[in-house]
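target-v2.cif follows; it contains mmCIF, C-alpha atoms.
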```
data_structure
loop_
_atom_site.label_atom_id
_atom_site.label_comp_id
_atom_site.auth_asym_id
_atom_site.auth_seq_id
_atom_site.Cartn_x
_atom_site.Cartn_y
_atom_site.Cartn_z
CA MET Z 1 12.67 9.69 14.10
CA LYS Z 2 12.69 10.70 10.40
CA ARG Z 3 13.11 14.35 11.36
CA ALA Z 4 16.06 13.52 13.63
CA VAL Z 5 17.79 11.42 10.97
CA PHE Z 6 17.28 14.16 8.38
CA LEU Z 7 18.84 16.80 10.62
CA ILE Z 8 21.77 14.58 11.68
CA VAL Z 9 22.64 13.96 8.03
CA LEU Z 10 22.41 17.69 7.36
CA VAL Z 11 24.79 18.53 10.17
CA LEU Z 12 27.32 16.01 8.89
CA ALA Z 13 26.95 16.91 5.21
CA PHE Z 14 26.56 20.69 5.50
CA PRO Z 15 28.12 21.93 8.75
CA ALA Z 16 28.19 25.49 7.36
CA LEU Z 17 24.42 25.60 7.52
CA PHE Z 18 24.54 25.18 11.28
CA CYS Z 19 27.62 27.26 11.96
CA GLY Z 20 26.40 30.39 10.19
CA ARG Z 21 27.71 32.18 7.13
CA ALA Z 22 29.86 35.21 7.28
CA SER Z 23 28.65 38.43 5.67
CA GLY Z 24 29.89 38.80 2.12
CA GLU Z 25 30.85 35.13 2.00
CA SER Z 26 31.85 33.71 -1.40
CA PRO Z 27 29.08 31.81 -3.19
CA SER Z 28 31.30 28.73 -3.46
CA GLY Z 29 29.93 25.63 -1.74
CA LEU Z 30 26.25 26.24 -2.50
CA THR Z 31 23.95 23.69 -0.88
CA PHE Z 32 21.22 21.97 -2.87
CA LEU Z 33 18.85 19.60 -1.07
CA HIS Z 34 16.54 17.27 -2.99
CA TYR Z 35 14.42 14.14 -2.67
CA TRP Z 36 15.83 12.17 -5.64
CA SER Z 37 18.11 9.34 -4.64
CA GLY Z 38 19.43 6.00 -5.87
CA PRO Z 39 18.29 4.99 -9.35
CA PHE Z 40 15.81 7.86 -9.41
CA SER Z 41 18.36 10.63 -8.86
CA GLY Z 42 18.03 11.82 -12.45
CA GLY Z 43 21.78 12.35 -12.69
CA ILE Z 44 21.73 15.20 -10.19
CA ASP Z 45 25.33 14.71 -9.08
CA ALA Z 46 26.61 14.58 -12.66
CA MET Z 47 24.63 17.71 -13.54
CA MET Z 48 25.99 19.61 -10.58
CA ASP Z 49 29.54 18.55 -11.46
CA THR Z 50 29.01 19.82 -15.01
CA PHE Z 51 27.58 23.09 -13.73
CA SER Z 52 30.38 23.58 -11.23
CA ARG Z 53 33.09 22.98 -13.82
CA ALA Z 54 31.53 25.59 -16.11
CA ASN Z 55 30.95 27.99 -13.21
CA PRO Z 56 33.89 27.52 -10.79
CA ALA Z 57 32.74 30.42 -8.62
CA TYR Z 58 29.47 28.59 -7.94
CA ARG Z 59 30.36 25.10 -6.84
CA VAL Z 60 27.29 23.16 -5.76
CA LYS Z 61 27.06 20.31 -3.30
CA ALA Z 62 23.87 18.28 -3.69
CA GLN Z 63 22.38 15.90 -1.14
CA GLY Z 64 19.40 13.62 -1.68
CA PHE Z 65 17.03 12.37 1.01
CA GLU Z 66 14.24 9.84 1.29
CA HIS Z 67 10.87 11.40 0.43
CA GLU Z 68 9.04 11.05 3.72
CA SER Z 69 11.84 12.38 5.93
CA TYR Z 70 12.39 15.20 3.45
CA LYS Z 71 8.77 16.36 3.66
CA VAL Z 72 9.12 16.92 7.41
CA GLY Z 73 12.76 17.95 7.56
CA ILE Z 74 12.71 20.74 4.99
CA ARG Z 75 9.83 22.48 6.77
CA VAL Z 76 11.68 22.22 10.08
CA MET Z 77 14.75 23.81 8.49
CA LEU Z 78 12.81 26.68 6.96
CA ALA Z 79 10.99 27.41 10.21
CA SER Z 80 14.31 27.49 12.08
CA GLY Z 81 15.96 29.83 9.57
CA THR Z 82 18.62 27.22 8.77
CA VAL Z 83 18.20 26.97 5.04
CA PRO Z 84 19.97 25.50 1.99
CA ASP Z 85 20.65 27.74 -1.00
CA LEU Z 86 18.13 25.92 -3.17
CA PHE Z 87 16.01 22.81 -2.90
CA SER Z 88 13.52 20.68 -4.77
CA TYR Z 89 9.83 20.73 -3.90
CA TRP Z 90 6.41 19.79 -5.21
CA ALA Z 91 4.34 22.36 -7.09
CA GLY Z 92 0.89 23.07 -5.73
CA ALA Z 93 -0.25 23.47 -2.15
CA ARG Z 94 3.17 22.63 -0.72
CA VAL Z 95 4.90 25.50 -2.51
CA GLN Z 96 1.92 27.74 -1.75
CA SER Z 97 2.28 27.01 1.96
CA LEU Z 98 5.92 28.17 1.86
CA VAL Z 99 5.08 31.30 -0.14
CA ALA Z 100 2.40 32.17 2.42
CA ARG Z 101 5.08 32.14 5.13
CA ASP Z 102 7.52 34.27 3.09
CA TYR Z 103 10.03 31.43 3.02
CA LEU Z 104 10.74 31.64 -0.72
CA GLU Z 105 12.34 34.16 -3.06
CA PRO Z 106 10.37 35.16 -6.21
CA LEU Z 107 12.05 34.04 -9.43
CA ASP Z 108 10.37 36.46 -11.85
CA ASP Z 109 13.76 37.70 -13.06
CA VAL Z 110 14.94 34.14 -13.79
CA TRP Z 111 11.83 33.58 -15.90
CA GLU Z 112 12.15 36.91 -17.66
CA ASP Z 113 15.89 36.67 -18.36
CA GLY Z 114 15.58 33.11 -19.66
CA LYS Z 115 12.34 33.81 -21.58
CA LEU Z 116 10.94 30.75 -19.86
CA ASP Z 117 7.34 31.49 -20.83
CA ALA Z 118 8.39 30.28 -24.30
CA VAL Z 119 10.12 27.22 -22.82
CA PHE Z 120 7.33 25.79 -20.65
CA PRO Z 121 3.60 25.28 -21.43
CA GLU Z 122 1.10 27.64 -19.86
CA ASN Z 123 -0.29 25.06 -17.42
CA ILE Z 124 3.25 24.33 -16.18
CA ALA Z 125 4.05 28.04 -15.87
CA ASN Z 126 0.85 28.43 -13.85
CA ALA Z 127 2.03 25.64 -11.55
CA CYS Z 128 5.09 27.79 -10.80
CA THR Z 129 3.05 30.94 -10.10
CA TYR Z 130 1.81 31.92 -6.64
CA ASP Z 131 0.30 35.23 -5.58
CA GLY Z 132 1.11 36.66 -8.99
CA HIS Z 133 4.83 35.78 -8.99
CA ARG Z 134 6.94 32.94 -10.32
CA TYR Z 135 8.48 31.09 -7.39
CA ALA Z 136 9.80 27.94 -9.05
CA VAL Z 137 11.45 26.40 -12.09
CA PRO Z 138 9.92 23.05 -13.18
CA VAL Z 139 12.15 20.05 -13.80
CA THR Z 140 9.87 17.01 -14.15
CA GLN Z 141 6.23 16.22 -14.85
CA HIS Z 142 4.88 12.81 -13.88
CA PHE Z 143 1.65 11.23 -15.07
CA VAL Z 144 -0.23 8.76 -12.86
CA ALA Z 145 -1.81 5.91 -14.83
CA LEU Z 146 -2.39 2.15 -14.72
CA PHE Z 147 0.69 0.15 -15.68
CA TYR Z 148 0.17 -3.49 -16.62
CA ASN Z 149 1.94 -6.75 -17.43
CA ARG Z 150 1.41 -7.20 -21.16
CA GLU Z 151 2.23 -10.92 -21.15
CA LEU Z 152 -0.45 -11.61 -18.53
CA PHE Z 153 -3.01 -9.67 -20.55
CA ARG Z 154 -2.05 -11.54 -23.73
CA ALA Z 155 -2.10 -14.92 -22.01
CA HIS Z 156 -5.61 -14.32 -20.67
CA GLY Z 157 -6.94 -12.73 -23.84
CA MET Z 158 -7.58 -9.32 -22.31
CA VAL Z 159 -7.10 -5.73 -23.43
CA PRO Z 160 -6.71 -2.58 -21.29
CA PRO Z 161 -10.14 -1.52 -19.99
CA ARG Z 162 -11.58 1.87 -20.89
CA SER Z 163 -14.58 1.96 -18.56
CA TRP Z 164 -15.14 1.21 -14.90
CA GLU Z 165 -17.27 -1.82 -15.69
CA GLU Z 166 -14.57 -3.15 -18.02
CA LEU Z 167 -11.95 -2.67 -15.30
CA LYS Z 168 -14.04 -4.67 -12.84
CA ALA Z 169 -14.52 -7.42 -15.42
CA VAL Z 170 -10.76 -7.64 -16.03
CA CYS Z 171 -10.14 -7.75 -12.27
CA ALA Z 172 -12.69 -10.54 -11.84
CA ARG Z 173 -11.01 -12.69 -14.51
CA PHE Z 174 -7.54 -12.25 -13.04
CA ARG Z 175 -8.84 -12.97 -9.55
CA LYS Z 176 -10.44 -16.17 -10.80
CA ALA Z 177 -7.12 -17.15 -12.41
CA GLY Z 178 -5.31 -16.74 -9.06
CA ILE Z 179 -3.50 -13.54 -10.07
CA THR Z 180 -3.74 -10.35 -8.01
CA PRO Z 181 -5.52 -7.88 -10.30
CA LEU Z 182 -4.29 -4.66 -8.63
CA ALA Z 183 -0.99 -4.34 -6.79
CA LEU Z 184 -0.75 -1.65 -4.12
CA GLY Z 185 2.10 -0.81 -1.76
CA ALA Z 186 0.79 1.73 0.76
CA ARG Z 187 3.30 1.37 3.58
CA GLU Z 188 4.39 5.01 3.08
CA ARG Z 189 0.73 6.09 2.72
CA TRP Z 190 0.97 8.24 -0.42
CA PRO Z 191 0.52 5.50 -3.08
CA ALA Z 192 -3.06 4.94 -1.90
CA GLN Z 193 -4.06 8.52 -2.66
CA PHE Z 194 -4.12 8.00 -6.44
CA TRP Z 195 -7.20 5.78 -6.18
CA PHE Z 196 -9.03 8.48 -4.28
CA ASP Z 197 -7.82 11.17 -6.68
CA TYR Z 198 -9.03 9.47 -9.81
CA LEU Z 199 -12.28 8.08 -8.43
CA LEU Z 200 -13.30 11.51 -7.16
CA LEU Z 201 -12.22 13.27 -10.35
CA ARG Z 202 -13.97 10.69 -12.56
CA THR Z 203 -17.27 11.03 -10.67
CA ALA Z 204 -17.56 14.38 -8.88
CA GLY Z 205 -15.34 16.24 -11.37
CA PRO Z 206 -12.46 18.70 -11.04
CA ASP Z 207 -14.48 21.67 -9.74
CA PHE Z 208 -15.81 19.78 -6.72
CA ARG Z 209 -12.43 18.23 -6.11
CA ARG Z 210 -10.80 21.70 -6.14
CA ASP Z 211 -13.36 22.92 -3.58
CA LEU Z 212 -12.63 19.91 -1.37
CA MET Z 213 -8.91 20.58 -1.53
CA ARG Z 214 -9.52 24.22 -0.50
CA GLY Z 215 -11.79 23.32 2.39
CA THR Z 216 -15.01 24.75 0.92
CA ALA Z 217 -16.52 21.29 0.31
CA SER Z 218 -16.88 18.47 2.83
CA TYR Z 219 -15.40 14.99 3.08
CA ASP Z 220 -18.78 13.67 4.23
CA ASP Z 221 -20.43 14.94 1.04
CA ALA Z 222 -22.34 12.28 -0.91
CA ARG Z 223 -19.92 12.67 -3.84
CA VAL Z 224 -16.94 11.72 -1.69
CA LEU Z 225 -18.89 8.85 -0.18
CA ARG Z 226 -19.62 7.55 -3.66
CA ALA Z 227 -15.93 7.62 -4.65
CA PHE Z 228 -15.04 5.65 -1.54
CA SER Z 229 -17.88 3.19 -2.18
CA LEU Z 230 -16.45 2.41 -5.61
CA TRP Z 231 -13.02 1.93 -4.09
CA ALA Z 232 -14.45 -0.20 -1.27
CA ASP Z 233 -16.12 -2.47 -3.81
CA LEU Z 234 -12.74 -3.31 -5.38
CA LEU Z 235 -11.25 -4.03 -1.97
CA GLU Z 236 -14.15 -6.17 -0.79
CA GLN Z 237 -14.04 -8.21 -4.00
CA GLY Z 238 -10.41 -9.07 -3.18
CA TYR Z 239 -8.94 -7.29 -6.21
CA PHE Z 240 -6.03 -5.78 -4.24
CA ASN Z 241 -3.20 -7.68 -2.54
CA ASP Z 242 -3.90 -8.41 1.13
CA ASP Z 243 -0.51 -7.10 2.28
CA ALA Z 244 -0.80 -3.60 0.77
CA LEU Z 245 0.04 -1.97 4.09
CA GLN Z 246 3.29 -3.94 4.40
CA LEU Z 247 4.70 -3.11 0.95
CA ASP Z 248 6.16 0.04 -0.54
CA TRP Z 249 5.29 1.12 -4.07
CA ALA Z 250 8.38 -0.51 -5.64
CA GLU Z 251 7.71 -3.86 -3.96
CA ALA Z 252 4.15 -3.76 -5.27
CA ALA Z 253 5.39 -2.85 -8.76
CA THR Z 254 7.83 -5.78 -8.68
CA ARG Z 255 4.86 -8.14 -8.43
CA LEU Z 256 3.93 -7.11 -11.96
CA ARG Z 257 7.41 -8.05 -13.11
CA THR Z 258 7.16 -11.51 -11.51
CA GLY Z 259 3.67 -12.13 -12.86
CA LYS Z 260 2.04 -12.22 -9.44
CA ALA Z 261 -0.05 -9.11 -10.19
CA ALA Z 262 -1.52 -7.67 -13.37
CA MET Z 263 -1.82 -3.91 -12.83
CA THR Z 264 -0.75 -1.09 -10.55
CA LEU Z 265 -1.82 2.56 -10.36
CA MET Z 266 1.37 4.60 -10.14
CA GLY Z 267 3.26 7.60 -11.49
CA SER Z 268 5.55 7.51 -14.49
CA TRP Z 269 8.60 7.25 -12.19
CA ILE Z 270 7.80 3.53 -12.21
CA ILE Z 271 9.42 3.47 -15.67
CA GLY Z 272 12.79 4.09 -14.03
CA LEU Z 273 12.26 1.02 -11.86
CA PHE Z 274 11.01 -1.24 -14.65
CA ASP Z 275 13.60 -0.21 -17.24
CA GLY Z 276 16.55 0.15 -14.91
CA GLN Z 277 16.44 -2.25 -11.98
CA LEU Z 278 13.98 -4.83 -13.27
CA GLY Z 279 15.11 -5.01 -16.90
CA TRP Z 280 11.65 -4.72 -18.45
CA ARG Z 281 11.07 -3.33 -21.95
CA GLN Z 282 8.62 -0.51 -22.58
CA SER Z 283 5.57 -1.46 -24.68
CA GLU Z 284 6.85 -5.03 -25.05
CA ASP Z 285 6.89 -6.35 -21.49
CA TYR Z 286 4.71 -3.73 -19.88
CA GLY Z 287 2.21 -1.12 -21.00
CA VAL Z 288 0.11 1.72 -19.67
CA PHE Z 289 -3.46 2.98 -19.96
CA ARG Z 290 -5.47 5.91 -18.62
CA PHE Z 291 -7.57 5.52 -15.52
CA PRO Z 292 -10.93 4.31 -16.90
CA VAL Z 293 -14.03 6.42 -17.44
CA VAL Z 294 -16.54 6.11 -14.62
CA ASP Z 295 -19.10 8.79 -15.55
CA GLY Z 296 -18.97 9.64 -19.23
CA ASP Z 297 -20.04 13.27 -18.82
CA VAL Z 298 -17.18 14.13 -16.44
CA PRO Z 299 -13.92 15.62 -17.88
CA GLN Z 300 -11.16 13.01 -17.94
CA VAL Z 301 -8.61 15.08 -15.99
CA ALA Z 302 -5.08 13.73 -15.56
CA VAL Z 303 -3.30 13.43 -12.20
CA GLY Z 304 0.36 13.84 -11.36
CA PRO Z 305 3.04 15.88 -9.61
CA VAL Z 306 5.27 18.57 -11.06
CA ASP Z 307 8.69 18.73 -9.40
CA VAL Z 308 10.27 22.17 -9.13
CA ILE Z 309 13.37 23.90 -7.81
CA VAL Z 310 12.90 26.83 -5.41
CA VAL Z 311 15.15 29.33 -3.63
CA PRO Z 312 14.79 30.26 0.07
CA ALA Z 313 14.49 33.98 0.74
CA ARG Z 314 17.16 33.77 3.46
CA GLY Z 315 19.78 31.91 1.44
CA ARG Z 316 22.41 33.16 -1.01
CA VAL Z 317 19.77 34.21 -3.46
CA LYS Z 318 21.82 35.72 -6.29
CA ALA Z 319 24.10 32.70 -6.63
CA ALA Z 320 21.23 30.23 -6.18
CA LYS Z 321 19.27 31.85 -9.01
CA LYS Z 322 22.14 31.13 -11.39
CA VAL Z 323 21.90 27.43 -10.54
CA VAL Z 324 18.10 27.42 -10.83
CA ALA Z 325 18.34 28.98 -14.29
CA TYR Z 326 20.63 26.11 -15.30
CA PHE Z 327 17.87 23.60 -14.54
CA ALA Z 328 15.70 25.21 -17.22
CA GLU Z 329 18.24 24.39 -19.95
CA ALA Z 330 17.64 21.50 -22.33
CA GLY Z 331 20.50 19.32 -21.02
CA PRO Z 332 19.41 19.17 -17.38
CA GLN Z 333 15.75 18.82 -18.41
CA LEU Z 334 16.66 15.81 -20.56
CA ALA Z 335 18.87 14.30 -17.84
CA MET Z 336 16.08 14.57 -15.28
CA SER Z 337 13.67 12.86 -17.65
CA ARG Z 338 16.02 9.99 -18.44
CA GLY Z 339 17.01 9.47 -14.83
CA SER Z 340 13.53 9.47 -13.35
CA GLY Z 341 11.19 8.18 -16.06
CA ALA Z 342 9.45 11.56 -16.01
CA LEU Z 343 8.23 13.69 -18.84
CA SER Z 344 10.18 16.90 -19.26
CA PRO Z 345 7.93 19.95 -18.92
CA SER Z 346 10.17 21.80 -21.39
CA TYR Z 347 9.43 22.39 -25.08
CA ARG Z 348 13.19 22.11 -25.62
CA VAL Z 349 13.09 18.35 -25.04
CA PRO Z 350 11.58 16.60 -28.11
CA ASP Z 351 9.53 13.40 -27.94
CA THR Z 352 12.24 11.64 -29.97
CA VAL Z 353 14.36 11.29 -26.82
CA TYR Z 354 11.69 9.26 -25.01
CA GLY Z 355 11.04 5.57 -24.96
CA PRO Z 356 7.79 4.40 -26.58
CA LEU Z 357 5.84 4.38 -23.33
CA GLN Z 358 6.92 7.90 -22.40
CA VAL Z 359 5.83 9.09 -25.85
CA ARG Z 360 2.43 7.54 -25.16
CA LEU Z 361 2.26 9.20 -21.75
CA ALA Z 362 3.22 12.55 -23.26
CA GLY Z 363 0.32 12.21 -25.69
CA MET Z 364 -2.05 11.35 -22.86
CA ALA Z 365 -0.88 14.36 -20.86
CA ARG Z 366 -1.33 16.77 -23.77
CA SER Z 367 -4.76 15.44 -24.69
CA ALA Z 368 -6.14 15.55 -21.14
CA PRO Z 369 -8.74 18.30 -20.68
CA GLY Z 370 -7.15 19.31 -17.38
CA TRP Z 371 -4.39 18.55 -14.90
CA ALA Z 372 -4.71 17.97 -11.17
CA PHE Z 373 -1.97 17.62 -8.57
CA ASN Z 374 -2.21 14.46 -6.52
CA TYR Z 375 -3.97 14.74 -3.18
CA ASP Z 376 -1.02 15.44 -0.88
CA LEU Z 377 0.14 18.25 -3.20
CA ALA Z 378 -3.29 19.75 -3.76
CA THR Z 379 -4.43 20.57 -0.24
CA LEU Z 380 -2.86 22.04 2.91
CA PRO Z 381 0.05 19.85 4.07
CA ASP Z 382 -1.52 19.42 7.52
CA VAL Z 383 -4.83 18.36 5.96
CA ALA Z 384 -3.03 16.06 3.52
CA ASP Z 385 -1.42 14.32 6.47
CA LEU Z 386 -4.86 13.66 7.96
CA GLY Z 387 -6.19 12.43 4.65
CA LEU Z 388 -3.33 10.02 4.04
CA ASN Z 389 -3.90 8.53 7.47
CA ALA Z 390 -7.60 8.21 6.69
CA PHE Z 391 -6.81 6.33 3.46
CA LEU Z 392 -4.82 3.75 5.42
CA GLU Z 393 -7.63 3.43 7.94
CA PHE Z 394 -9.99 2.85 5.04
CA LEU Z 395 -7.76 0.14 3.55
CA ARG Z 396 -7.96 -1.70 6.87
CA ALA Z 397 -11.75 -1.37 7.11
CA PRO Z 398 -13.35 -0.33 3.79
CA SER Z 399 -16.89 -0.95 5.03
CA GLU Z 400 -16.42 1.81 7.61
CA HIS Z 401 -15.65 4.54 5.09
CA ALA Z 402 -18.63 6.71 6.06
CA ALA Z 403 -17.45 6.99 9.66
CA ILE Z 404 -13.85 7.50 8.55
CA LEU Z 405 -14.86 10.37 6.26
CA SER Z 406 -17.01 11.95 8.96
CA ARG Z 407 -14.03 12.03 11.34
CA LEU Z 408 -11.77 13.31 8.58
CA GLN Z 409 -14.15 16.18 7.87
CA LEU Z 410 -14.14 17.30 11.50
CA GLN Z 411 -10.35 17.19 11.63
CA ALA Z 412 -9.85 18.87 8.24
CA ARG Z 413 -12.28 21.68 9.04
CA ALA Z 414 -10.34 22.46 12.21
CA ARG Z 415 -7.05 22.59 10.27
CA PHE Z 416 -8.51 24.85 7.58
CA GLU Z 417 -9.93 27.17 10.24
CA LEU Z 418 -6.58 27.30 12.00
CA ALA Z 419 -4.80 28.04 8.73
CA GLY Z 420 -7.29 30.80 8.00
CA LYS Z 421 -6.68 32.44 11.36
CA ALA Z 422 -2.93 32.24 10.85
CA GLY Z 423 -3.33 33.85 7.45
CA ASN Z 424 -5.37 36.68 8.91
CA ARG Z 425 -2.68 37.32 11.52
CA GLU Z 426 -0.04 37.50 8.80
#
```

Is it possible to express this structure as structure tokens?
Amino acid sequence: MKRAVFLIVLVLAFPALFCGRASGESPSGLTFLHYWSGPFSGGIDAMMDTFSRANPAYRVKAQGFEHESYKVGIRVMLASGTVPDLFSYWAGARVQSLVARDYLEPLDDVWEDGKLDAVFPENIANACTYDGHRYAVPVTQHFVALFYNRELFRAHGMVPPRSWEELKAVCARFRKAGITPLALGARERWPAQFWFDYLLLRTAGPDFRRDLMRGTASYDDARVLRAFSLWADLLEQGYFNDDALQLDWAEAATRLRTGKAAMTLMGSWIIGLFDGQLGWRQSEDYGVFRFPVVDGDVPQVAVGPVDVIVVPARGRVKAAKKVVAYFAEAGPQLAMSRGSGALSPSYRVPDTVYGPLQVRLAGMARSAPGWAFNYDLATLPDVADLGLNAFLEFLRAPSEHAAILSRLQLQARARFELAGKAGNRE
């Protein structure tokens, strides 16, 4: 259904995509597809209007879509050869999967002409590099952390926990007070992944987690079982809301605003919701803290997505590259940050433009010993789909996590083997 809706909207919004483009066609009317919409659009339409006025030969029409339909729809488009001129995507395994299929145009010249290695940090530049070439320009960097209701913490005499045992103690006190300790809205699946990401990283460490994402480690490994056991303990103690599978992430976050829940594990895009729609004040009404330490000898790696802009190899590449280069400029980088609650990956955007909570998040990001993409951006898309389904199955029956992981391993191994055979054919 989501795929059908996505394609119907495309036909209505961009009929030229489906009617073909004449050879030598003017670059006017460039199509830009993205997954930012509503209050989280980051001012995309305004930015494209500004760009088009300054570059009348390169008018851009942008269209935003809901995340889940976008994930499926953009892959369908690329496979069919019906492509936009540029589109947003998630750095990591998702971009890598498109590069492996020769769907994307390298952007080495955009990076070289704009001297972008001096604009973006090395770890961000690496997130845009695949098979030795730059294939993307970064526009936002989000940090996943625990956001909390400061008034509830003050009223109950609590401070943000730093260790796993402290987190459990805080949860127990809120539970006893009749307040949901941890709000979760997993209706769209992906919000649940952050608990798995951090628990695995905080116990097994980034090297094992990288191997698991690549298919060289197993989901039924004792280290994965331990991460799920820790998660299951929170669930079985009643520290999460019972209706997690019926809520989306924003509905769960709203429970912090109303005082029905104390904390939620979410990306920094939640700032856009709190500040904009819910009228909450950073560092006064709500705060943020790192995911707690579980094993002290494990590097405290940070988790979060990096959003990028890419160019299809079969689109109007030369014109599209001009638009992509625009996104690396300070103005668009700042607009994206303000519109989405994200950190800008660009050195050109100073911390002085951020609210107090974003400044704190920027400090956390810089001080982290490493960075990991969230689960569905770190492994093969087909495997990620299996994993997200397994997380929901686990939320329904946490005591059965061993059997769930055993089934997931069998399914994931088959997908990795299939991907390997496809790669060999290519």

Any idea what's packed within 9 Å of Met48 in chain Z, counting only C-alpha atoms, ignoring anything in its chain fewer than 5 positions away? Could you give it as a short mmCIF file (atom, residue, chain, number, x, y, z; two decimals) with C-alpha atoms, keeping the file's coordinate frame?
```cif
data_model
loop_
_atom_site.label_atom_id
_atom_site.label_comp_id
_atom_site.auth_asym_id
_atom_site.auth_seq_id
_atom_site.Cartn_x
_atom_site.Cartn_y
_atom_site.Cartn_z
CA GLY Z 43 21.78 12.35 -12.69
CA ARG Z 53 33.09 22.98 -13.82
CA ARG Z 59 30.36 25.10 -6.84
CA VAL Z 60 27.29 23.16 -5.76
CA LYS Z 61 27.06 20.31 -3.30
CA ALA Z 62 23.87 18.28 -3.69
CA VAL Z 323 21.90 27.43 -10.54
#
```

- Query: Care to translate the PyMOL selection byres ((chain Z and resi 79-86) around 7) into actual residues of this file, as an MDAnalysis selection string?
  - Reply: chainID Z and resid 17:18 30:33 75:78 87 309:312 315:317 320

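The residues returned by the PyMOL selection byres ((chain Z and resi 149) around 9) for this structure are Phe147, Tyr148, Arg150, Glu151, Leu152, Phe153, Arg154, Leu256, Arg257, Gly259, Ala261, Ala262, Met263, Asp285, Tyr286, Gly287 and Val288 of chain Z.
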
Using the chain letters and numbering of this document, enumerate as a CSV table (one decimal) with C-alpha atoms, in the coordinates of the input the residues selected by the PyMOL selection byres ((chain Z and resi 407) around 12).
```
chain,number,residue,atom,x,y,z
Z,218,SER,CA,-16.9,18.5,2.8
Z,219,TYR,CA,-15.4,15.0,3.1
Z,220,ASP,CA,-18.8,13.7,4.2
Z,386,LEU,CA,-4.9,13.7,8.0
Z,387,GLY,CA,-6.2,12.4,4.6
Z,389,ASN,CA,-3.9,8.5,7.5
Z,390,ALA,CA,-7.6,8.2,6.7
Z,393,GLU,CA,-7.6,3.4,7.9
Z,394,PHE,CA,-10.0,2.8,5.0
Z,400,GLU,CA,-16.4,1.8,7.6
Z,401,HIS,CA,-15.6,4.5,5.1
Z,402,ALA,CA,-18.6,6.7,6.1
Z,403,ALA,CA,-17.4,7.0,9.7
Z,404,ILE,CA,-13.8,7.5,8.6
Z,405,LEU,CA,-14.9,10.4,6.3
Z,406,SER,CA,-17.0,12.0,9.0
Z,408,LEU,CA,-11.8,13.3,8.6
Z,409,GLN,CA,-14.2,16.2,7.9
Z,410,LEU,CA,-14.1,17.3,11.5
Z,411,GLN,CA,-10.4,17.2,11.6
Z,412,ALA,CA,-9.8,18.9,8.2
Z,413,ARG,CA,-12.3,21.7,9.0
Z,414,ALA,CA,-10.3,22.5,12.2
```

- Which neighbours of Thr140 in chain Z fall inside 7 Å, counting only C-alpha atoms, when residues of the same chain fewer than 3 positions from it are skipped, and could you give them as a PyMOL selection string? chain Z and resi 306-307+336-337+342-345

For the residues in that selection, give me C-alpha atoms as a JSON list (two decimals), in the coordinates of the input.
```json
[["chain", "number", "residue", "atom", "x", "y", "z"],
["Z", 306, "VAL", "CA", 5.27, 18.57, -11.06],
["Z", 307, "ASP", "CA", 8.69, 18.73, -9.40],
["Z", 336, "MET", "CA", 16.08, 14.57, -15.28],
["Z", 337, "SER", "CA", 13.67, 12.86, -17.65],
["Z", 342, "ALA", "CA", 9.45, 11.56, -16.01],
["Z", 343, "LEU", "CA", 8.23, 13.69, -18.84],
["Z", 344, "SER", "CA", 10.18, 16.90, -19.26],
["Z", 345, "PRO", "CA", 7.93, 19.95, -18.92]]
```

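Among Z:Pro305, Z:Asp233, Z:Ala186, Z:Gly279, the residue with the shortest atom-to-atom distance to Arg94 in chain Z, counting only C-alpha atoms, is Z:Pro305.
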
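Comparing the minimum interatomic distances between Glu122 in chain Z and each of Z:Leu230, Z:Ser69, Z:Gly304, Z:Arg366, counting all atoms listed in the file, we find that Z:Arg366 sits nearest.
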
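Coordinates place CA of His67 in chain Z at a distance of 20.2 Å from CA of Ala335 in chain Z.
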
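For the pair CA of Glu251 in chain Z and CA of Ala169 in chain Z, the interatomic distance is 25.3 Å.
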
- In Å, with one decimal, what is the gap from CA of Ser367 in chain Z to CA of Gly272 in chain Z? 23.5 Å
